[in-house]
Structures are given as C-alpha cells and as structure tokens.
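Next up, entry-v9.txt (compact mmCIF, C-alpha atoms and all ligand atoms):
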# COMPACT_ATOMS: atom_id res chain seq x y z
CA MET X 120 89.73 137.58 111.52
CA SER X 121 86.46 136.16 112.82
CA LEU X 122 86.34 133.36 115.35
CA LEU X 123 85.19 130.93 112.66
CA ASP X 124 88.07 131.98 110.42
CA GLN X 125 90.50 131.45 113.30
CA ILE X 126 89.12 127.97 113.96
CA ALA X 127 89.30 127.08 110.26
CA HIS X 128 92.88 128.34 110.19
CA LEU X 129 93.82 126.23 113.22
CA LEU X 130 92.15 123.13 111.79
CA ASN X 131 93.97 123.68 108.53
CA GLU X 132 97.33 123.94 110.30
CA ASN X 133 96.68 120.80 112.30
CA THR X 134 95.68 118.74 109.30
CA GLU X 135 98.77 119.50 107.22
CA LYS X 136 99.85 116.34 105.53
CA TRP X 137 103.13 114.97 106.79
CA PHE X 138 104.15 113.00 103.71
CA ASP X 139 103.58 113.10 99.96
CA THR X 140 104.40 111.10 96.86
CA TYR X 141 107.31 112.12 94.67
CA ALA X 142 108.65 110.15 91.69
CA GLY X 143 106.44 107.23 92.64
CA ARG X 144 107.66 106.98 96.23
CA LYS X 145 106.47 108.37 99.53
CA PHE X 146 108.59 110.88 101.41
CA PRO X 147 107.99 112.79 104.63
CA ILE X 148 107.52 116.55 104.30
CA ALA X 149 109.95 118.91 106.05
CA TYR X 150 108.13 122.23 106.44
CA ARG X 151 109.69 125.64 106.76
CA GLN X 152 108.03 129.01 107.27
CA ASN X 153 109.83 130.81 104.44
CA GLU X 154 112.48 130.14 101.83
CA THR X 155 115.43 131.04 104.03
CA GLY X 156 114.22 129.47 107.27
CA PRO X 157 115.18 126.04 108.61
CA VAL X 158 113.08 122.92 108.18
CA VAL X 159 112.22 120.78 111.18
CA CYS X 160 113.51 117.37 110.23
CA PRO X 161 110.88 114.58 110.27
CA TYR X 162 113.59 112.03 111.03
CA CYS X 163 115.72 113.55 113.79
CA GLY X 164 113.65 116.55 114.91
CA ARG X 165 116.56 118.95 114.42
CA GLU X 166 116.57 122.02 112.24
CA HIS X 167 118.35 121.73 108.88
CA HIS X 168 118.96 124.43 106.29
CA HIS X 169 118.53 124.01 102.54
CA GLY X 170 118.60 126.16 99.42
CA THR X 171 115.63 128.36 98.59
CA ALA X 172 113.96 125.95 96.16
CA ASP X 173 111.39 123.46 97.45
CA GLY X 174 111.58 119.81 96.49
CA HIS X 175 113.25 116.52 97.35
CA ARG X 176 116.42 116.94 99.39
CA SER X 177 118.91 114.77 101.22
CA SER X 178 118.42 114.95 104.95
CA HIS X 179 121.20 116.57 106.98
CA CYS X 180 120.77 114.31 109.97
CA PRO X 181 123.67 113.55 112.31
CA THR X 182 124.95 110.00 111.85
CA SER X 183 123.54 109.11 115.28
CA SER X 184 120.06 109.38 113.71
CA HIS X 185 120.75 107.24 110.67
CA GLY X 186 119.07 104.15 112.14
CA ARG X 187 115.76 105.98 112.34
CA ARG X 188 112.91 105.03 110.10
CA LEU X 189 109.43 106.31 109.46
CA ASN X 190 106.40 104.31 108.40
CA LEU X 191 104.49 106.31 105.79
CA GLU X 192 101.30 104.25 105.73
CA GLY X 193 103.20 101.07 104.94
CA GLU X 194 106.21 102.49 103.11
CA ILE X 195 109.37 102.59 105.23
CA VAL X 196 111.80 105.47 104.74
CA THR X 197 115.05 106.39 106.49
CA PRO X 198 117.18 109.57 106.63
CA ALA X 199 119.09 108.22 103.60
CA ASP X 200 115.89 108.59 101.56
CA GLY X 201 115.65 112.31 102.30
CA TYR X 202 112.47 114.35 102.45
CA LEU X 203 110.44 116.95 100.60
CA VAL X 204 111.18 120.54 101.57
CA LEU X 205 107.98 122.62 101.50
CA THR X 206 107.76 126.34 102.22
CA ARG X 207 104.56 127.43 103.98
CA LEU X 208 104.69 131.16 103.23
CA LYS X 209 106.33 131.69 99.87
CA GLY X 210 107.61 135.13 99.03
CA THR X 211 107.47 136.40 102.60
CA ARG X 212 111.22 136.86 102.75
CA LYS X 213 112.90 139.00 100.09
CA LEU X 214 115.87 137.22 98.56
CA GLY X 215 119.04 139.07 97.73
CA LYS X 216 119.69 142.72 98.55
ZN ZN G 1 117.53 115.32 110.43
Could you express the structure from this file as structure tokens?
Amino acid sequence: MSLLDQIAHLLNENTEKWFDTYAGRKFPIAYRQNETGPVVCPYCGREHHHGTADGHRSSHCPTSSHGRRLNLEGEIVTPADGYLVLTRLKGTRKLGK
C-alpha cells in the first residue's frame, strides 16, 4: 500500500459517519469489525453482542446507563431507542462449521 493509499485509508476511517437515518428517524451507528464480533456501544461505551445480521437493534446497556442521551444533530436519542449495527468487514469470519 502506498503512502497516499495509507493516508486515504486513515482519512476514510476517521470520517466514518456515527449516525444514520432508519425508518425516518436518526440512530447512532454501533460498528463491529465482523459479523461475530462485539459492537462498541455509542451510548455506554461497552461492548455488546448481537446476531450476525446488521440493522436496527435494541441496545444492551446496563440500567445505570439508561439516563444517557445523544444529540444526533438536533434529534435526541437514548439507549431505549437502540442503534444501527453495522459490520465493517463483511464475510471476513466464516459462519458455522
Ligand atoms: Zn450500551
């Protein structure tokens, strides 16, 4: 990988969007590296595990985090609203054996 490619890669990683619109509402995005890995929760910062499909999910935050809220450019969401699970590297982990 050339230096320019590396810089482009880094810029791309650092400009990942952190929320998206789903069903007409905004939700934060919980990224994971592959389908079986944990997401880093945008609400509580902990790792949560979900099924292999991406999409809107309930957050698995401890109740101590339930007062938290995020401001998604004017739209307020809380752990009760959940988030969008998004896998960065699809197909990198073989499922089943
Ligand atoms: Zn959480």
Between atom CA of X:His175 and atom CA of X:Val204, distance in Å (one decimal): 6.2 Å
For ligand ZN 1 (chain G), the nearest of the candidates X:Asp200, X:Asp124, X:Glu192, X:Asp139, counting all atoms listed in the file: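 Checking each candidate against ligand ZN 1 (chain G), we get X:Asp200 as the closest.
Note that the spacing between atom CA of X:Lys136 and atom CA of X:Gly164 amounts to 16.7 Å.
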10 Å shell around ligand ZN 1 (chain G) using all atoms listed in the file, listed as a list in words: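 Residues satisfying the distance criterion: Ala149, Val158, Val159, Cys160, Pro161, Tyr162, Cys163, Gly164, Arg165, Glu166, His167, Ser177, Ser178, His179, Cys180, Pro181, Thr182, Ser183, Ser184, His185, Arg187, Pro198, Ala199, Gly201 and Tyr202 of chain X.
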Residue subset to file, keeping C-alpha atoms, as a compact mmCIF listing (two decimals), in the frame of the given file:
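New file again.txt:
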# COMPACT_ATOMS: atom_id res chain seq x y z
CA ALA X 149 109.95 118.91 106.05
CA VAL X 158 113.08 122.92 108.18
CA VAL X 159 112.22 120.78 111.18
CA CYS X 160 113.51 117.37 110.23
CA PRO X 161 110.88 114.58 110.27
CA TYR X 162 113.59 112.03 111.03
CA CYS X 163 115.72 113.55 113.79
CA GLY X 164 113.65 116.55 114.91
CA ARG X 165 116.56 118.95 114.42
CA GLU X 166 116.57 122.02 112.24
CA HIS X 167 118.35 121.73 108.88
CA SER X 177 118.91 114.77 101.22
CA SER X 178 118.42 114.95 104.95
CA HIS X 179 121.20 116.57 106.98
CA CYS X 180 120.77 114.31 109.97
CA PRO X 181 123.67 113.55 112.31
CA THR X 182 124.95 110.00 111.85
CA SER X 183 123.54 109.11 115.28
CA SER X 184 120.06 109.38 113.71
CA HIS X 185 120.75 107.24 110.67
CA ARG X 187 115.76 105.98 112.34
CA PRO X 198 117.18 109.57 106.63
CA ALA X 199 119.09 108.22 103.60
CA GLY X 201 115.65 112.31 102.30
CA TYR X 202 112.47 114.35 102.45
Atom CA of X:Asn153 to atom CA of X:Gln125, distance in Å rounded to a single decimal: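 Distance between the two atoms: 21.3 Å.
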X:Lys209 environment, 7 Å, only C-alpha atoms, sequence neighbours closer than 2 positions dropped, as an MDAnalysis selection string: chainID X and resid 153:154 206:207 211
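Residue nearest X:Ala142 within the list X:Pro157, X:Leu191, X:Leu203, X:Ala127: X:Leu203 [criterion: smallest interatomic distance, all atoms listed in the file].
With all atoms listed in the file as the atoms that count, the residue of X:Asp173, X:Val196, X:Ile148, X:Leu122 with the shortest distance to X:Leu208 is X:Asp173.
Proximity to X:Thr197 was assessed for X:Phe146, X:Thr155, X:Arg176, X:His168 counting all atoms listed in the file; the smallest distance is recorded for X:Phe146.
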Go ahead and fit an axis-aligned box to every listed atom of stretch 153-166 of chain X plus 8 Å each side, and pass me the centre and edge lengths in Å, one decimal, as AutoDock Vina command-line options.
--center_x 113.2 --center_y 121.5 --center_z 108.4 --size_x 22.7 --size_y 35.0 --size_z 29.1
Counting all atoms listed in the file, the residue of X:Ser121, X:Arg151, X:Arg144, X:Ala172 that sits nearest X:Ile195: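 Looking at the shortest contact to X:Ile195, the residue is X:Arg144.
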